[in-house]
Number of protein chains: 2
Amino acid sequence: MADSSALQTLIQALRKLPGVGEKSASRMAFHLLQRDREGAQLLSRALQQAVSQVKHCTQCHTFTEADICQTCLDSSRDPSKLCVIETPADQSAIERTLAYKGLYFVLMGRLSPLDGLGPRDIGLHQLLARATNGVVQEVILATNFTAEGEATAHVISEALKARGLRVTRLARGVPVGSELEYVDLGTIAHALVDRR
Amino acid sequence: MADSSALQTLIQALRKLPGVGEKSASRMAFHLLQRDREGAQLLSRALQQAVSQVKHCTQCHTFTEADICQTCLDSSRDPSKLCVIETPADQSAIERTLAYKGLYFVLMGRLSPLDGLGPRDIGLHQLLARATNGVVQEVILATNFTAEGEATAHVISEALKARGLRVTRLARGVPVGSELEYVDLGTIAHALVDRR
């Protein structure tokens with residue numbers, strides 16, 4: 001397809017994006033070069049800038065451009081509670097509820113032996129150091145309710161309990177606004193056990 | 001999600017890619033920054049290079065880094081036949097059949113009033129100039145068999161016939177290897193009319 005090595009290189013580079021295969025990459029390269037060269041340059045600069053400026057918060061591990069992120073610096077938050085989530089997007093979801101005013105630790109992933117992601121990749125060591133700093137009283141595990149998220153929560157929970165910390169997990173139950181008939185059986189079973 | 005303007009800028013820039021919405025863009029940015037910063041830099045450079053180096057062949061309009069592409073320069077090809085396709089990917093599909101040895105004209109799109117793409121966007125003027133150069137004897141319309149592709153073929157066909165050129169269209173019919181029972185009725189009807 002078209003004798004341009006720069007185009008071939010671009011198509012291969014676009015395949016680095018998650019979920020993008022050969023055909024999508026071709027379509028993207030074609031679109032950018034044919035209809036949006038300005039967008040291509042904008043994206044090029046944004047990538048360069050993000051790689052050079054975005055680093056991890058030394059406290060909670062999330063993406064930030066400073067040493068410590070705004071959330072960790074916010075003195076109005078309750079430092080005795082630490083909520084553990086998988087990604088910054090999960091943190092954002094919890095923030096939007098306005099129901100939590102403690103601090104966070106972002107794993108930036110989950111334990112996933114199949115993808116080669118172990119304790120080091122989720123910063124387990126830093127989490128343990130943070131949780132045992134004498135200020136934190138409760139660690140709330142808010143990893144996803146997937147197989148990998150549950151396994152990650154289990155591993156962290158065991159490690160923290162061994163250090164005498166109070167560890168809780170987000171409640172499982174029937175989603176707000178849903179009809180029982182359409183809720184899966186595992187969820188109903190959990191909602192029954194955790195009834196209040 | 002994370003207090004970094006460089007990250008937000010990157011997410012917005014990724015949305016310039018076709019088919020990428022807010023959630024996909026976040027996932028891509030997250031993946032690149034967390035797991036593949038090298039890939040991000042590679043993509044940044046590839047974009048920059050493609051934008052500065054890739055231009056259009058002055059003869060056939062496809063992507064190339066030279067003034068005239070390799071296909072147009074190939075003297076072993078039959079210059080009396082000109083095949084009109086929508087994209088370089090379509091050209092590549094025809095090349096792989098090894099059944100065509102003429103030249104090409106790549107529209108780099110199709111007529112699409114809804115997307116604001118008119119005759120100028122598909123280089124109709126250049127196509128007419130190329131087709132009436134005295135060497136071309138037959139123009140083969142190989143635009144897609146979609147509504148827009150058919151409309152584009154119709155417009156080009158009318159313009160070329162008015163200039164006294166022989167214009168043909170790819171045959172419609174039953175795909176090789178398919179069972180009649182599963183072929184749509186429109187295709188069977190066309191195959192009946194065009195029987196040989």
# chains A, B, ... in the order shown; residues from 1 in each chain; ligands from 1
>>> interface_residues(of="chain A", to="chain B", cutoff="8 Å", atoms="only C-alpha atoms", output="ChimeraX atom specification")
/A:1-4,6-7,9-10,13-14,16-18,27-28,31-34,37,39-51,53-54,62-65,69-70,88-89,91-92,108
>>> residues_around(residues="Ala129 (chain A)", least_positions_apart="2", cutoff="12 Å", atoms="only C-alpha atoms", output="VMD selection string")
chain A and resid 58 to 60 105 123 to 127 131 to 136 159 to 160 163
>>> write_last_selection(atoms="all heavy atoms", output="short mmCIF file (atom, residue, chain, number, x, y, z; two decimals), in the first residue's frame")
data_model
loop_
_atom_site.label_atom_id
_atom_site.label_comp_id
_atom_site.auth_asym_id
_atom_site.auth_seq_id
_atom_site.Cartn_x
_atom_site.Cartn_y
_atom_site.Cartn_z
N THR A 58 4.85 10.52 44.41
CA THR A 58 5.67 9.70 45.31
C THR A 58 4.85 9.13 46.46
O THR A 58 5.26 8.18 47.10
CB THR A 58 6.84 10.52 45.90
OG1 THR A 58 6.28 11.72 46.48
CG2 THR A 58 7.83 10.92 44.82
N GLN A 59 3.66 9.72 46.70
CA GLN A 59 2.81 9.24 47.79
C GLN A 59 1.84 8.16 47.33
O GLN A 59 1.77 7.09 47.91
CB GLN A 59 1.99 10.41 48.36
CG GLN A 59 2.82 11.53 48.93
CD GLN A 59 3.27 11.24 50.35
OE1 GLN A 59 2.45 10.91 51.20
NE2 GLN A 59 4.57 11.33 50.59
N CYS A 60 1.06 8.48 46.28
CA CYS A 60 -0.04 7.59 45.91
C CYS A 60 0.16 6.91 44.58
O CYS A 60 -0.66 6.09 44.16
CB CYS A 60 -1.35 8.36 45.89
SG CYS A 60 -1.54 9.41 44.43
N PHE A 105 -4.40 5.19 47.07
CA PHE A 105 -3.17 4.61 46.52
C PHE A 105 -3.57 3.95 45.21
O PHE A 105 -4.46 3.09 45.17
CB PHE A 105 -2.55 3.58 47.47
CG PHE A 105 -1.19 3.13 47.01
CD1 PHE A 105 -0.04 3.80 47.41
CD2 PHE A 105 -1.06 2.06 46.13
CE1 PHE A 105 1.21 3.42 46.95
CE2 PHE A 105 0.20 1.68 45.66
CZ PHE A 105 1.34 2.35 46.07
N GLY A 123 3.31 -1.85 42.71
CA GLY A 123 3.86 -1.05 43.80
C GLY A 123 3.45 -1.55 45.18
O GLY A 123 3.23 -0.76 46.11
N LEU A 124 3.36 -2.87 45.36
CA LEU A 124 2.91 -3.44 46.63
C LEU A 124 3.80 -2.98 47.79
O LEU A 124 3.30 -2.64 48.87
CB LEU A 124 2.90 -4.97 46.54
CG LEU A 124 2.28 -5.69 47.74
CD1 LEU A 124 0.85 -5.25 47.94
CD2 LEU A 124 2.35 -7.21 47.56
N HIS A 125 5.10 -2.93 47.54
CA HIS A 125 6.05 -2.51 48.56
C HIS A 125 5.75 -1.09 49.06
O HIS A 125 5.66 -0.86 50.26
CB HIS A 125 7.47 -2.58 47.97
CG HIS A 125 8.54 -2.43 48.98
ND1 HIS A 125 8.85 -3.41 49.89
CD2 HIS A 125 9.37 -1.38 49.25
CE1 HIS A 125 9.83 -3.00 50.67
NE2 HIS A 125 10.17 -1.76 50.31
N GLN A 126 5.53 -0.16 48.08
CA GLN A 126 5.22 1.23 48.46
C GLN A 126 3.88 1.31 49.18
O GLN A 126 3.72 2.09 50.13
CB GLN A 126 5.12 2.14 47.23
CG GLN A 126 6.47 2.45 46.58
CD GLN A 126 6.61 1.79 45.22
OE1 GLN A 126 6.55 0.55 45.14
NE2 GLN A 126 6.81 2.57 44.19
N LEU A 127 2.92 0.49 48.75
CA LEU A 127 1.61 0.50 49.41
C LEU A 127 1.74 0.07 50.86
O LEU A 127 1.17 0.70 51.77
CB LEU A 127 0.63 -0.43 48.66
CG LEU A 127 -0.69 -0.73 49.36
CD1 LEU A 127 -1.45 0.55 49.69
CD2 LEU A 127 -1.56 -1.65 48.51
N ALA A 131 0.79 2.33 54.02
CA ALA A 131 -0.30 1.92 54.91
C ALA A 131 0.17 1.75 56.35
O ALA A 131 -0.63 1.87 57.29
CB ALA A 131 -0.92 0.62 54.40
N THR A 132 1.47 1.50 56.53
CA THR A 132 1.98 1.27 57.88
C THR A 132 2.74 2.48 58.41
O THR A 132 3.65 2.35 59.22
CB THR A 132 2.92 0.04 57.89
OG1 THR A 132 3.94 0.24 56.92
CG2 THR A 132 2.16 -1.23 57.59
N ASN A 133 2.35 3.67 57.94
CA ASN A 133 3.05 4.89 58.36
C ASN A 133 2.57 5.41 59.71
O ASN A 133 2.98 6.47 60.17
CB ASN A 133 2.91 6.00 57.28
CG ASN A 133 1.46 6.42 57.10
OD1 ASN A 133 0.55 5.87 57.73
ND2 ASN A 133 1.25 7.39 56.24
N GLY A 134 1.64 4.68 60.34
CA GLY A 134 1.18 5.08 61.66
C GLY A 134 -0.03 5.99 61.63
O GLY A 134 -0.72 6.16 62.63
N VAL A 135 -0.31 6.61 60.47
CA VAL A 135 -1.45 7.52 60.35
C VAL A 135 -2.68 6.78 59.81
O VAL A 135 -3.80 6.99 60.26
CB VAL A 135 -1.10 8.70 59.41
CG1 VAL A 135 -2.27 9.67 59.31
CG2 VAL A 135 0.16 9.41 59.90
N VAL A 136 -2.44 5.92 58.84
CA VAL A 136 -3.53 5.18 58.21
C VAL A 136 -4.16 4.18 59.18
O VAL A 136 -3.46 3.38 59.81
CB VAL A 136 -3.03 4.44 56.94
CG1 VAL A 136 -4.12 3.55 56.35
CG2 VAL A 136 -2.53 5.44 55.90
N ALA A 159 -1.53 -9.26 53.13
CA ALA A 159 -0.29 -8.59 53.54
C ALA A 159 -0.56 -7.52 54.59
O ALA A 159 0.22 -7.34 55.54
CB ALA A 159 0.37 -7.97 52.31
N LEU A 160 -1.70 -6.80 54.45
CA LEU A 160 -2.00 -5.71 55.38
C LEU A 160 -2.50 -6.24 56.72
O LEU A 160 -2.14 -5.72 57.78
CB LEU A 160 -3.04 -4.77 54.77
CG LEU A 160 -2.56 -3.92 53.59
CD1 LEU A 160 -3.72 -3.17 52.96
CD2 LEU A 160 -1.48 -2.94 54.03
N ARG A 163 0.01 -7.17 59.10
CA ARG A 163 0.62 -6.03 59.79
C ARG A 163 -0.37 -5.36 60.74
O ARG A 163 -0.15 -4.24 61.21
CB ARG A 163 1.15 -5.03 58.75
CG ARG A 163 2.43 -5.49 58.09
CD ARG A 163 2.69 -4.80 56.78
NE ARG A 163 3.94 -5.23 56.18
CZ ARG A 163 4.10 -6.38 55.51
NH1 ARG A 163 3.10 -7.23 55.39
NH2 ARG A 163 5.28 -6.69 54.99
#
>>> residues_around(residues="Gly149 (chain A)", least_positions_apart="2", cutoff="10 Å", atoms="only C-alpha atoms", output="compact mmCIF listing (two decimals) with C-alpha atoms, in the first residue's frame")
# COMPACT_ATOMS: atom_id res chain seq x y z
CA ILE A 85 -7.76 1.45 43.29
CA GLU A 86 -6.41 0.02 40.05
CA GLY A 109 -2.68 -2.00 37.22
CA ARG A 110 -3.54 -5.30 38.87
CA LEU A 111 -1.77 -8.55 39.60
CA SER A 112 -1.90 -10.44 36.34
CA LEU A 141 -9.80 -2.13 48.79
CA ALA A 142 -11.61 -0.84 45.71
CA THR A 143 -10.00 -2.95 43.00
CA ASN A 144 -12.37 -4.18 40.28
CA PHE A 145 -14.71 -7.10 40.94
CA THR A 146 -13.06 -9.15 38.20
CA ALA A 147 -11.05 -12.32 38.77
CA ALA A 151 -7.06 -11.80 43.44
CA THR A 152 -5.18 -8.51 43.80
CA ALA A 153 -7.45 -7.44 46.67
CA HIS A 154 -6.87 -10.80 48.36
>>> select_by_dssp(residues="region 58-159 of chain A", states="alpha helix (DSSP H)", output="PDB file with N, CA, C and O atoms, in the first residue's frame")
ATOM      1  N   GLN A  70      -2.017  16.746  43.745  1.00  0.00           N
ATOM      2  CA  GLN A  70      -2.925  17.653  44.442  1.00  0.00           C
ATOM      3  C   GLN A  70      -3.755  16.943  45.503  1.00  0.00           C
ATOM      4  O   GLN A  70      -3.986  17.484  46.584  1.00  0.00           O
ATOM      5  N   THR A  71      -4.201  15.731  45.186  1.00  0.00           N
ATOM      6  CA  THR A  71      -5.041  14.986  46.127  1.00  0.00           C
ATOM      7  C   THR A  71      -4.273  14.686  47.416  1.00  0.00           C
ATOM      8  O   THR A  71      -4.777  14.879  48.520  1.00  0.00           O
ATOM      9  N   CYS A  72      -3.034  14.221  47.277  1.00  0.00           N
ATOM     10  CA  CYS A  72      -2.225  13.887  48.460  1.00  0.00           C
ATOM     11  C   CYS A  72      -1.879  15.146  49.264  1.00  0.00           C
ATOM     12  O   CYS A  72      -1.692  15.089  50.485  1.00  0.00           O
ATOM     13  N   LEU A  73      -1.777  16.293  48.572  1.00  0.00           N
ATOM     14  CA  LEU A  73      -1.415  17.548  49.247  1.00  0.00           C
ATOM     15  C   LEU A  73      -2.612  18.203  49.942  1.00  0.00           C
ATOM     16  O   LEU A  73      -2.429  19.100  50.770  1.00  0.00           O
ATOM     17  N   PRO A  88      -6.153   5.560  37.655  1.00  0.00           N
ATOM     18  CA  PRO A  88      -6.617   6.921  37.912  1.00  0.00           C
ATOM     19  C   PRO A  88      -8.086   7.101  37.530  1.00  0.00           C
ATOM     20  O   PRO A  88      -8.803   7.885  38.160  1.00  0.00           O
ATOM     21  N   ALA A  89      -8.564   6.347  36.520  1.00  0.00           N
ATOM     22  CA  ALA A  89      -9.963   6.451  36.100  1.00  0.00           C
ATOM     23  C   ALA A  89     -10.881   5.956  37.217  1.00  0.00           C
ATOM     24  O   ALA A  89     -11.958   6.515  37.453  1.00  0.00           O
ATOM     25  N   ASP A  90     -10.451   4.907  37.938  1.00  0.00           N
ATOM     26  CA  ASP A  90     -11.246   4.394  39.057  1.00  0.00           C
ATOM     27  C   ASP A  90     -11.307   5.438  40.178  1.00  0.00           C
ATOM     28  O   ASP A  90     -12.343   5.651  40.803  1.00  0.00           O
ATOM     29  N   GLN A  91     -10.159   6.078  40.418  1.00  0.00           N
ATOM     30  CA  GLN A  91     -10.119   7.136  41.435  1.00  0.00           C
ATOM     31  C   GLN A  91     -11.097   8.243  41.076  1.00  0.00           C
ATOM     32  O   GLN A  91     -11.857   8.719  41.926  1.00  0.00           O
ATOM     33  N   SER A  92     -11.088   8.600  39.798  1.00  0.00           N
ATOM     34  CA  SER A  92     -11.971   9.649  39.324  1.00  0.00           C
ATOM     35  C   SER A  92     -13.438   9.263  39.550  1.00  0.00           C
ATOM     36  O   SER A  92     -14.267  10.104  39.921  1.00  0.00           O
ATOM     37  N   ALA A  93     -13.771   7.982  39.323  1.00  0.00           N
ATOM     38  CA  ALA A  93     -15.152   7.513  39.531  1.00  0.00           C
ATOM     39  C   ALA A  93     -15.541   7.654  41.002  1.00  0.00           C
ATOM     40  O   ALA A  93     -16.647   8.096  41.326  1.00  0.00           O
ATOM     41  N   ILE A  94     -14.637   7.293  41.900  1.00  0.00           N
ATOM     42  CA  ILE A  94     -14.929   7.397  43.336  1.00  0.00           C
ATOM     43  C   ILE A  94     -15.052   8.862  43.752  1.00  0.00           C
ATOM     44  O   ILE A  94     -15.943   9.244  44.512  1.00  0.00           O
ATOM     45  N   GLU A  95     -14.172   9.712  43.218  1.00  0.00           N
ATOM     46  CA  GLU A  95     -14.232  11.144  43.530  1.00  0.00           C
ATOM     47  C   GLU A  95     -15.579  11.737  43.148  1.00  0.00           C
ATOM     48  O   GLU A  95     -16.144  12.554  43.872  1.00  0.00           O
ATOM     49  N   ARG A  96     -16.097  11.310  41.987  1.00  0.00           N
ATOM     50  CA  ARG A  96     -17.348  11.873  41.497  1.00  0.00           C
ATOM     51  C   ARG A  96     -18.539  11.533  42.399  1.00  0.00           C
ATOM     52  O   ARG A  96     -19.564  12.215  42.361  1.00  0.00           O
ATOM     53  N   THR A  97     -18.419  10.460  43.231  1.00  0.00           N
ATOM     54  CA  THR A  97     -19.524  10.116  44.142  1.00  0.00           C
ATOM     55  C   THR A  97     -19.634  11.133  45.276  1.00  0.00           C
ATOM     56  O   THR A  97     -20.675  11.239  45.919  1.00  0.00           O
ATOM     57  N   LEU A 124       3.363  -2.872  45.356  1.00  0.00           N
ATOM     58  CA  LEU A 124       2.908  -3.440  46.626  1.00  0.00           C
ATOM     59  C   LEU A 124       3.796  -2.976  47.790  1.00  0.00           C
ATOM     60  O   LEU A 124       3.304  -2.638  48.873  1.00  0.00           O
ATOM     61  N   HIS A 125       5.097  -2.928  47.539  1.00  0.00           N
ATOM     62  CA  HIS A 125       6.052  -2.511  48.562  1.00  0.00           C
ATOM     63  C   HIS A 125       5.746  -1.092  49.056  1.00  0.00           C
ATOM     64  O   HIS A 125       5.659  -0.855  50.264  1.00  0.00           O
ATOM     65  N   GLN A 126       5.533  -0.156  48.076  1.00  0.00           N
ATOM     66  CA  GLN A 126       5.216   1.227  48.460  1.00  0.00           C
ATOM     67  C   GLN A 126       3.877   1.310  49.185  1.00  0.00           C
ATOM     68  O   GLN A 126       3.722   2.086  50.132  1.00  0.00           O
ATOM     69  N   LEU A 127       2.915   0.489  48.752  1.00  0.00           N
ATOM     70  CA  LEU A 127       1.607   0.499  49.406  1.00  0.00           C
ATOM     71  C   LEU A 127       1.740   0.072  50.865  1.00  0.00           C
ATOM     72  O   LEU A 127       1.173   0.704  51.765  1.00  0.00           O
ATOM     73  N   LEU A 128       2.515  -0.980  51.103  1.00  0.00           N
ATOM     74  CA  LEU A 128       2.691  -1.462  52.472  1.00  0.00           C
ATOM     75  C   LEU A 128       3.376  -0.398  53.330  1.00  0.00           C
ATOM     76  O   LEU A 128       2.983  -0.145  54.472  1.00  0.00           O
ATOM     77  N   ALA A 129       4.385   0.263  52.768  1.00  0.00           N
ATOM     78  CA  ALA A 129       5.093   1.323  53.489  1.00  0.00           C
ATOM     79  C   ALA A 129       4.124   2.458  53.833  1.00  0.00           C
ATOM     80  O   ALA A 129       4.111   2.968  54.971  1.00  0.00           O
ATOM     81  N   ARG A 130       3.289   2.815  52.838  1.00  0.00           N
ATOM     82  CA  ARG A 130       2.343   3.919  53.026  1.00  0.00           C
ATOM     83  C   ARG A 130       1.297   3.568  54.081  1.00  0.00           C
ATOM     84  O   ARG A 130       0.954   4.399  54.932  1.00  0.00           O
ATOM     85  N   ALA A 131       0.793   2.329  54.021  1.00  0.00           N
ATOM     86  CA  ALA A 131      -0.299   1.916  54.909  1.00  0.00           C
ATOM     87  C   ALA A 131       0.166   1.753  56.347  1.00  0.00           C
ATOM     88  O   ALA A 131      -0.625   1.872  57.290  1.00  0.00           O
ATOM     89  N   ALA A 147     -11.890 -11.271  38.178  1.00  0.00           N
ATOM     90  CA  ALA A 147     -11.049 -12.322  38.769  1.00  0.00           C
ATOM     91  C   ALA A 147      -9.708 -11.730  39.210  1.00  0.00           C
ATOM     92  O   ALA A 147      -9.261 -11.939  40.345  1.00  0.00           O
ATOM     93  N   GLU A 148      -9.079 -10.943  38.321  1.00  0.00           N
ATOM     94  CA  GLU A 148      -7.766 -10.389  38.642  1.00  0.00           C
ATOM     95  C   GLU A 148      -7.849  -9.333  39.742  1.00  0.00           C
ATOM     96  O   GLU A 148      -6.970  -9.258  40.602  1.00  0.00           O
ATOM     97  N   GLY A 149      -8.912  -8.524  39.698  1.00  0.00           N
ATOM     98  CA  GLY A 149      -9.090  -7.502  40.723  1.00  0.00           C
ATOM     99  C   GLY A 149      -9.308  -8.134  42.097  1.00  0.00           C
ATOM    100  O   GLY A 149      -8.773  -7.662  43.109  1.00  0.00           O
ATOM    101  N   GLU A 150     -10.090  -9.195  42.134  1.00  0.00           N
ATOM    102  CA  GLU A 150     -10.362  -9.892  43.397  1.00  0.00           C
ATOM    103  C   GLU A 150      -9.077 -10.532  43.943  1.00  0.00           C
ATOM    104  O   GLU A 150      -8.788 -10.463  45.132  1.00  0.00           O
ATOM    105  N   ALA A 151      -8.311 -11.162  43.024  1.00  0.00           N
ATOM    106  CA  ALA A 151      -7.058 -11.797  43.444  1.00  0.00           C
ATOM    107  C   ALA A 151      -6.097 -10.751  44.011  1.00  0.00           C
ATOM    108  O   ALA A 151      -5.449 -10.966  45.040  1.00  0.00           O
ATOM    109  N   THR A 152      -6.046  -9.589  43.342  1.00  0.00           N
ATOM    110  CA  THR A 152      -5.178  -8.505  43.800  1.00  0.00           C
ATOM    111  C   THR A 152      -5.613  -8.041  45.192  1.00  0.00           C
ATOM    112  O   THR A 152      -4.777  -7.852  46.086  1.00  0.00           O
ATOM    113  N   ALA A 153      -6.919  -7.865  45.372  1.00  0.00           N
ATOM    114  CA  ALA A 153      -7.449  -7.440  46.667  1.00  0.00           C
ATOM    115  C   ALA A 153      -7.089  -8.466  47.751  1.00  0.00           C
ATOM    116  O   ALA A 153      -6.704  -8.107  48.871  1.00  0.00           O
ATOM    117  N   HIS A 154      -7.176  -9.744  47.401  1.00  0.00           N
ATOM    118  CA  HIS A 154      -6.875 -10.802  48.364  1.00  0.00           C
ATOM    119  C   HIS A 154      -5.418 -10.733  48.825  1.00  0.00           C
ATOM    120  O   HIS A 154      -5.122 -10.757  50.021  1.00  0.00           O
ATOM    121  N   VAL A 155      -4.509 -10.610  47.850  1.00  0.00           N
ATOM    122  CA  VAL A 155      -3.080 -10.561  48.172  1.00  0.00           C
ATOM    123  C   VAL A 155      -2.769  -9.360  49.065  1.00  0.00           C
ATOM    124  O   VAL A 155      -2.073  -9.482  50.081  1.00  0.00           O
ATOM    125  N   ILE A 156      -3.298  -8.188  48.690  1.00  0.00           N
ATOM    126  CA  ILE A 156      -3.029  -6.971  49.470  1.00  0.00           C
ATOM    127  C   ILE A 156      -3.630  -7.110  50.867  1.00  0.00           C
ATOM    128  O   ILE A 156      -2.998  -6.762  51.873  1.00  0.00           O
ATOM    129  N   SER A 157      -4.844  -7.645  50.907  1.00  0.00           N
ATOM    130  CA  SER A 157      -5.541  -7.814  52.180  1.00  0.00           C
ATOM    131  C   SER A 157      -4.743  -8.683  53.150  1.00  0.00           C
ATOM    132  O   SER A 157      -4.555  -8.330  54.324  1.00  0.00           O
ATOM    133  N   GLU A 158      -4.231  -9.800  52.651  1.00  0.00           N
ATOM    134  CA  GLU A 158      -3.450 -10.706  53.495  1.00  0.00           C
ATOM    135  C   GLU A 158      -2.209 -10.011  54.048  1.00  0.00           C
ATOM    136  O   GLU A 158      -1.880 -10.112  55.229  1.00  0.00           O
ATOM    137  N   ALA A 159      -1.529  -9.262  53.132  1.00  0.00           N
ATOM    138  CA  ALA A 159      -0.290  -8.589  53.537  1.00  0.00           C
ATOM    139  C   ALA A 159      -0.556  -7.517  54.592  1.00  0.00           C
ATOM    140  O   ALA A 159       0.216  -7.344  55.544  1.00  0.00           O
TER     141      ALA A 159
END
>>> residues_around(residues="Ala171 (chain A)", least_positions_apart="6", cutoff="9 Å", atoms="only C-alpha atoms", output="PyMOL selection string")
chain A and resi 190-191+194
>>> write_last_selection(atoms="C-alpha atoms", output="PDB file, in the first residue's frame")
ATOM      1  CA  HIS A 190     -23.645 -11.681  47.708  1.00  0.00           C
ATOM      2  CA  ALA A 191     -26.416  -9.148  48.389  1.00  0.00           C
ATOM      3  CA  ASP A 194     -24.270  -8.970  53.084  1.00  0.00           C
TER       4      ASP A 194
END
>>> atom_distance(atom1="CA of Arg172 (chain A)", atom2="CA of Val84 (chain A)")
16.2 Å
>>> atom_distance(atom1="CA of Leu165 (chain B)", atom2="CA of Lys81 (chain B)")
11.1 Å
>>> atom_distance(atom1="CA of Glu181 (chain B)", atom2="CA of Val193 (chain B)")
18.0 Å
>>> select_by_dssp(residues="region 18-189 of chain A", states="strand (DSSP E or B)", output="ChimeraX atom specification")
/A:55-56,63-64,78-85,102-106,112,117,138-141,166-169
>>> write_last_selection(atoms="N, CA and C atoms", output="mmCIF file, in the first residue's frame")
data_model
loop_
_atom_site.group_PDB
_atom_site.id
_atom_site.type_symbol
_atom_site.label_atom_id
_atom_site.label_comp_id
_atom_site.auth_asym_id
_atom_site.auth_seq_id
_atom_site.Cartn_x
_atom_site.Cartn_y
_atom_site.Cartn_z
ATOM 1 N N LYS A 55 4.939 12.073 35.516
ATOM 2 C CA LYS A 55 5.602 11.060 36.335
ATOM 3 C C LYS A 55 4.626 10.587 37.403
ATOM 4 N N HIS A 56 5.115 9.818 38.372
ATOM 5 C CA HIS A 56 4.219 9.269 39.384
ATOM 6 C C HIS A 56 4.331 10.042 40.703
ATOM 7 N N PHE A 63 -0.607 9.414 38.224
ATOM 8 C CA PHE A 63 0.101 10.297 37.302
ATOM 9 C C PHE A 63 0.033 11.731 37.804
ATOM 10 N N THR A 64 1.146 12.433 37.766
ATOM 11 C CA THR A 64 1.183 13.845 38.123
ATOM 12 C C THR A 64 2.427 14.473 37.509
ATOM 13 N N ASP A 78 -9.025 13.240 54.960
ATOM 14 C CA ASP A 78 -8.792 12.423 56.146
ATOM 15 C C ASP A 78 -7.656 11.424 55.874
ATOM 16 N N PRO A 79 -6.456 11.657 56.451
ATOM 17 C CA PRO A 79 -5.309 10.799 56.141
ATOM 18 C C PRO A 79 -5.362 9.430 56.820
ATOM 19 N N SER A 80 -6.416 9.189 57.627
ATOM 20 C CA SER A 80 -6.481 7.894 58.312
ATOM 21 C C SER A 80 -7.137 6.836 57.427
ATOM 22 N N LYS A 81 -7.706 7.284 56.280
ATOM 23 C CA LYS A 81 -8.329 6.328 55.356
ATOM 24 C C LYS A 81 -7.547 6.289 54.053
ATOM 25 N N LEU A 82 -7.271 5.071 53.575
ATOM 26 C CA LEU A 82 -6.533 4.917 52.328
ATOM 27 C C LEU A 82 -7.315 3.981 51.409
ATOM 28 N N CYS A 83 -7.733 4.508 50.257
ATOM 29 C CA CYS A 83 -8.518 3.710 49.311
ATOM 30 C C CYS A 83 -7.597 3.228 48.191
ATOM 31 N N VAL A 84 -7.579 1.925 47.958
ATOM 32 C CA VAL A 84 -6.685 1.342 46.955
ATOM 33 C C VAL A 84 -7.464 1.053 45.680
ATOM 34 N N ILE A 85 -7.071 1.703 44.557
ATOM 35 C CA ILE A 85 -7.758 1.448 43.291
ATOM 36 C C ILE A 85 -6.756 1.029 42.229
ATOM 37 N N GLY A 102 -11.114 10.503 51.995
ATOM 38 C CA GLY A 102 -9.801 10.076 52.457
ATOM 39 C C GLY A 102 -8.768 10.179 51.350
ATOM 40 N N LEU A 103 -7.649 9.479 51.513
ATOM 41 C CA LEU A 103 -6.596 9.495 50.506
ATOM 42 C C LEU A 103 -6.639 8.216 49.660
ATOM 43 N N TYR A 104 -5.751 8.156 48.674
ATOM 44 C CA TYR A 104 -5.772 7.038 47.715
ATOM 45 C C TYR A 104 -4.390 6.417 47.565
ATOM 46 N N PHE A 105 -4.401 5.186 47.070
ATOM 47 C CA PHE A 105 -3.173 4.606 46.523
ATOM 48 C C PHE A 105 -3.566 3.948 45.209
ATOM 49 N N VAL A 106 -2.923 4.383 44.125
ATOM 50 C CA VAL A 106 -3.271 3.870 42.798
ATOM 51 C C VAL A 106 -2.264 2.793 42.393
ATOM 52 N N SER A 112 -1.447 -9.712 37.513
ATOM 53 C CA SER A 112 -1.897 -10.445 36.335
ATOM 54 C C SER A 112 -0.744 -11.305 35.834
ATOM 55 N N LEU A 117 2.518 -9.306 35.171
ATOM 56 C CA LEU A 117 2.459 -8.214 36.143
ATOM 57 C C LEU A 117 2.431 -8.778 37.562
ATOM 58 N N GLU A 138 -7.445 2.660 58.283
ATOM 59 C CA GLU A 138 -8.262 1.727 57.516
ATOM 60 C C GLU A 138 -7.854 1.766 56.040
ATOM 61 N N VAL A 139 -7.711 0.588 55.457
ATOM 62 C CA VAL A 139 -7.430 0.502 54.029
ATOM 63 C C VAL A 139 -8.664 -0.072 53.343
ATOM 64 N N ILE A 140 -9.216 0.705 52.393
ATOM 65 C CA ILE A 140 -10.410 0.270 51.673
ATOM 66 C C ILE A 140 -9.993 -0.253 50.304
ATOM 67 N N LEU A 141 -10.199 -1.538 50.069
ATOM 68 C CA LEU A 141 -9.800 -2.125 48.793
ATOM 69 C C LEU A 141 -10.909 -1.915 47.765
ATOM 70 N N ARG A 166 -6.689 -2.514 59.710
ATOM 71 C CA ARG A 166 -8.085 -2.777 59.390
ATOM 72 C C ARG A 166 -8.253 -2.673 57.875
ATOM 73 N N VAL A 167 -8.724 -3.755 57.250
ATOM 74 C CA VAL A 167 -8.871 -3.784 55.801
ATOM 75 C C VAL A 167 -10.325 -4.037 55.441
ATOM 76 N N THR A 168 -10.911 -3.166 54.606
ATOM 77 C CA THR A 168 -12.293 -3.377 54.156
ATOM 78 C C THR A 168 -12.326 -3.463 52.635
ATOM 79 N N ARG A 169 -13.469 -3.957 52.121
ATOM 80 C CA ARG A 169 -13.616 -4.093 50.670
ATOM 81 C C ARG A 169 -14.923 -3.407 50.304
#
>>> residues_around(residues="Leu192 (chain A)", least_positions_apart="4", cutoff="12 Å", atoms="only C-alpha atoms", output="VMD selection string")
chain A and resid 171 to 174 180 185 to 188 196
